[in-house]
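Note: the block below is data-v3.pdb and it holds PDB, C-alpha atoms, pLDDT in the B column.
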ATOM      1  CA  MET X   1      48.535 116.145 118.950  1.00 90.00           C
ATOM      2  CA  ALA X   2      48.785 119.815 119.824  1.00 97.00           C
ATOM      3  CA  ILE X   3      49.310 122.816 117.603  1.00 97.00           C
ATOM      4  CA  VAL X   4      50.792 125.701 119.564  1.00 98.00           C
ATOM      5  CA  ALA X   5      51.390 129.291 118.475  1.00 98.00           C
ATOM      6  CA  VAL X   6      54.079 131.049 120.481  1.00 98.00           C
ATOM      7  CA  SER X   7      55.510 134.544 120.441  1.00 96.00           C
ATOM      8  CA  ILE X   8      58.518 135.276 122.641  1.00 96.00           C
ATOM      9  CA  ALA X   9      60.034 138.729 122.970  1.00 93.00           C
ATOM     10  CA  PRO X  10      62.249 140.580 125.411  1.00 94.00           C
ATOM     11  CA  ILE X  11      60.869 143.741 126.939  1.00 92.00           C
ATOM     12  CA  GLY X  12      62.969 146.891 126.992  1.00 88.00           C
ATOM     13  CA  GLU X  13      65.623 145.650 124.576  1.00 81.00           C
ATOM     14  CA  GLY X  14      65.170 148.199 121.769  1.00 76.00           C
ATOM     15  CA  LEU X  15      63.316 148.155 118.477  1.00 78.00           C
ATOM     16  CA  SER X  16      65.056 145.334 116.620  1.00 83.00           C
ATOM     17  CA  LEU X  17      64.422 141.897 118.107  1.00 86.00           C
ATOM     18  CA  HIS X  18      65.780 139.609 115.393  1.00 90.00           C
ATOM     19  CA  GLU X  19      68.775 138.470 117.455  1.00 93.00           C
ATOM     20  CA  HIS X  20      66.479 137.461 120.315  1.00 92.00           C
ATOM     21  CA  VAL X  21      64.109 135.664 117.937  1.00 92.00           C
ATOM     22  CA  ALA X  22      67.055 133.794 116.414  1.00 95.00           C
ATOM     23  CA  ALA X  23      68.114 132.702 119.907  1.00 97.00           C
ATOM     24  CA  ALA X  24      64.578 131.493 120.658  1.00 97.00           C
ATOM     25  CA  LEU X  25      64.611 129.397 117.470  1.00 97.00           C
ATOM     26  CA  ALA X  26      67.873 127.641 118.342  1.00 97.00           C
ATOM     27  CA  PRO X  27      66.214 124.962 120.534  1.00 98.00           C
ATOM     28  CA  LEU X  28      63.774 124.213 117.709  1.00 97.00           C
ATOM     29  CA  ARG X  29      66.535 123.841 115.150  1.00 97.00           C
ATOM     30  CA  ALA X  30      68.448 121.502 117.478  1.00 97.00           C
ATOM     31  CA  GLN X  31      65.644 118.941 117.735  1.00 97.00           C
ATOM     32  CA  SER X  32      63.534 116.769 115.418  1.00 96.00           C
ATOM     33  CA  ARG X  33      60.609 115.559 117.529  1.00 96.00           C
ATOM     34  CA  VAL X  34      58.377 118.653 117.163  1.00 98.00           C
ATOM     35  CA  ARG X  35      57.466 120.125 113.780  1.00 97.00           C
ATOM     36  CA  TRP X  36      57.567 123.902 113.576  1.00 98.00           C
ATOM     37  CA  LYS X  37      57.009 126.804 111.222  1.00 97.00           C
ATOM     38  CA  LEU X  38      58.132 130.417 111.581  1.00 96.00           C
ATOM     39  CA  ASP X  39      56.014 133.260 110.276  1.00 94.00           C
ATOM     40  CA  SER X  40      56.151 137.022 110.686  1.00 93.00           C
ATOM     41  CA  MET X  41      54.341 137.186 114.042  1.00 93.00           C
ATOM     42  CA  PHE X  42      54.364 133.732 115.648  1.00 96.00           C
ATOM     43  CA  THR X  43      56.137 130.406 115.555  1.00 97.00           C
ATOM     44  CA  THR X  44      53.774 127.440 115.259  1.00 98.00           C
ATOM     45  CA  LEU X  45      54.782 124.136 116.820  1.00 98.00           C
ATOM     46  CA  GLU X  46      53.139 120.741 116.313  1.00 97.00           C
ATOM     47  CA  GLY X  47      53.609 117.665 118.467  1.00 97.00           C
ATOM     48  CA  GLU X  48      52.817 116.046 121.773  1.00 96.00           C
ATOM     49  CA  LEU X  49      51.818 118.773 124.223  1.00 97.00           C
ATOM     50  CA  ALA X  50      54.416 117.900 126.871  1.00 97.00           C
ATOM     51  CA  GLU X  51      57.231 118.011 124.311  1.00 97.00           C
ATOM     52  CA  VAL X  52      55.970 121.272 122.825  1.00 98.00           C
ATOM     53  CA  MET X  53      55.691 122.935 126.225  1.00 98.00           C
ATOM     54  CA  SER X  54      59.177 121.783 127.155  1.00 98.00           C
ATOM     55  CA  LEU X  55      60.499 123.399 123.974  1.00 98.00           C
ATOM     56  CA  VAL X  56      58.575 126.606 124.671  1.00 98.00           C
ATOM     57  CA  GLN X  57      60.329 126.796 128.037  1.00 98.00           C
ATOM     58  CA  GLU X  58      63.711 126.255 126.349  1.00 98.00           C
ATOM     59  CA  MET X  59      62.878 129.006 123.837  1.00 98.00           C
ATOM     60  CA  HIS X  60      61.842 131.354 126.658  1.00 98.00           C
ATOM     61  CA  GLU X  61      65.092 130.685 128.531  1.00 98.00           C
ATOM     62  CA  ALA X  62      67.135 131.156 125.344  1.00 98.00           C
ATOM     63  CA  VAL X  63      65.942 134.762 125.128  1.00 97.00           C
ATOM     64  CA  PHE X  64      67.086 135.357 128.717  1.00 97.00           C
ATOM     65  CA  ALA X  65      70.444 133.900 127.706  1.00 97.00           C
ATOM     66  CA  THR X  66      70.851 136.788 125.225  1.00 95.00           C
ATOM     67  CA  GLY X  67      71.052 139.130 128.209  1.00 94.00           C
ATOM     68  CA  ALA X  68      67.401 140.155 128.361  1.00 94.00           C
ATOM     69  CA  GLN X  69      66.184 140.951 131.882  1.00 95.00           C
ATOM     70  CA  ARG X  70      62.476 140.571 131.102  1.00 96.00           C
ATOM     71  CA  VAL X  71      60.800 138.249 128.588  1.00 97.00           C
ATOM     72  CA  SER X  72      57.158 138.064 127.528  1.00 96.00           C
ATOM     73  CA  THR X  73      55.823 134.810 126.085  1.00 97.00           C
ATOM     74  CA  LEU X  74      52.383 134.456 124.507  1.00 98.00           C
ATOM     75  CA  ILE X  75      51.072 130.917 123.948  1.00 98.00           C
ATOM     76  CA  LYS X  76      47.917 129.697 122.178  1.00 98.00           C
ATOM     77  CA  ILE X  77      47.209 125.947 122.282  1.00 98.00           C
ATOM     78  CA  ASP X  78      44.880 123.897 120.050  1.00 96.00           C
ATOM     79  CA  ASP X  79      44.956 120.374 121.497  1.00 96.00           C
ATOM     80  CA  ARG X  80      42.664 117.933 119.682  1.00 93.00           C
ATOM     81  CA  ARG X  81      42.193 114.479 121.147  1.00 91.00           C
ATOM     82  CA  ASP X  82      39.603 113.079 118.712  1.00 94.00           C
ATOM     83  CA  ARG X  83      41.859 112.984 115.626  1.00 91.00           C
ATOM     84  CA  VAL X  84      45.218 114.078 114.292  1.00 90.00           C
ATOM     85  CA  VAL X  85      45.187 117.486 112.640  1.00 89.00           C
ATOM     86  CA  ARG X  86      48.307 118.976 111.091  1.00 94.00           C
ATOM     87  CA  MET X  87      49.194 122.655 110.742  1.00 93.00           C
ATOM     88  CA  GLU X  88      48.586 122.446 107.005  1.00 93.00           C
ATOM     89  CA  ASP X  89      45.136 120.880 107.494  1.00 89.00           C
ATOM     90  CA  LYS X  90      43.905 123.872 109.480  1.00 88.00           C
ATOM     91  CA  VAL X  91      44.860 126.195 106.620  1.00 90.00           C
ATOM     92  CA  ARG X  92      43.701 123.933 103.792  1.00 92.00           C
ATOM     93  CA  VAL X  93      40.094 123.677 105.008  1.00 90.00           C
ATOM     94  CA  VAL X  94      39.536 127.411 104.692  1.00 92.00           C
TER
END

What's the structure tokens form of this structure?
Amino acid sequence: MAIVAVSIAPIGEGLSLHEHVAAALAPLRAQSRVRWKLDSMFTTLEGELAEVMSLVQEMHEAVFATGAQRVSTLIKIDDRRDRVVRMEDKVRVV
């Protein structure tokens, strides 16, 4: 099970990015196989790595669909194979 932090933003599209962020979240809202949580700087996804990465690509493309000509995507992956760890577990232990 992978936990993936992703930040997707258009470059050169002004100061307010909320419409682009909303577009990037649409693929997440349309599915139920990957858990996710939005915070002020990143969106955290939890699920099988292949499914998560497929969704990240959909999110990336969704920002282009808003009319953006350049999109920057930052991804951080924590992929544990020895046991299942949930997003909440990582916070609870500290």

Would you list the contacts of X:Ala62 as JSON, numbers by chain, taking every protein, DNA or RNA residue within 9 Å and counting all atoms listed in the file, but skipping same-chain residues closer than 6 positions in sequence? {"X": [20, 23, 24, 25, 26, 27]}

Generate the output file for the selected residues, C-alpha atoms, as a PDB file, in the frame of the given file.
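Generated output (out.pdb):
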ATOM      1  CA  HIS X  20      66.479 137.461 120.315  1.00 92.00           C
ATOM      2  CA  ALA X  23      68.114 132.702 119.907  1.00 97.00           C
ATOM      3  CA  ALA X  24      64.578 131.493 120.658  1.00 97.00           C
ATOM      4  CA  LEU X  25      64.611 129.397 117.470  1.00 97.00           C
ATOM      5  CA  ALA X  26      67.873 127.641 118.342  1.00 97.00           C
ATOM      6  CA  PRO X  27      66.214 124.962 120.534  1.00 98.00           C
TER       7      PRO X  27
END

Residue nearest X:Ser72 - candidates X:Ala30, X:Gln57, X:Arg35, X:Leu45, atoms counted: only C-alpha atoms: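 Going through X:Ala30, X:Gln57, X:Arg35, X:Leu45 one by one, the smallest distance to X:Ser72 is for X:Gln57.
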
So what does the PyMOL selection byres ((chain X and resi 16-19) around 12) actually pick up in this one, as a VMD selection string? chain X and resid 7 to 15 20 to 26 40 to 41 62 to 68 71

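Between atom CA of X:Ser32 and atom CA of X:Ser54 the interatomic distance comes to 13.5 Å.
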
Given only C-alpha atoms as the counted atoms, nearest of X:Val56, X:Ala2, X:Glu88, X:Gln31 to X:Ile75: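 The shortest atom-to-atom distance to X:Ile75 comes from X:Val56.
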
Atom CA of X:Arg33 and atom CA of X:Gly47, how far apart in Å?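 Distance between the two atoms: 7.4 Å.
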
Atom CA of X:Ala5 to atom CA of X:Gln69, straight-line distance in Å: 23.1 Å

Counting all atoms listed in the file, the option among X:Leu28, X:Val91, X:Asp79, X:Arg86 closest to X:Ala50: X:Asp79

From the list X:Arg29, X:Lys37, X:Glu46, X:Asp89, which residue is nearest X:Ile77 when using all atoms listed in the file?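 Closest to X:Ile77, using all atoms listed in the file: X:Glu46.
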
Taking all atoms of stretch 22-28 of chain X that the file lists and extending 3 Å past them on each side, where is the centre of the axis-aligned box and how long are its edges? Answer in Å to one decimal, as JSON.
{"center_x": 65.9, "center_y": 129.0, "center_z": 118.5, "size_x": 10.3, "size_y": 15.6, "size_z": 10.2}

Evaluate the PyMOL selection byres ((chain X and resi 81) around 12) on the structure here and hand back the selected residues as a ChimeraX atom specification. /X:1-3,48-49,78-80,82-85
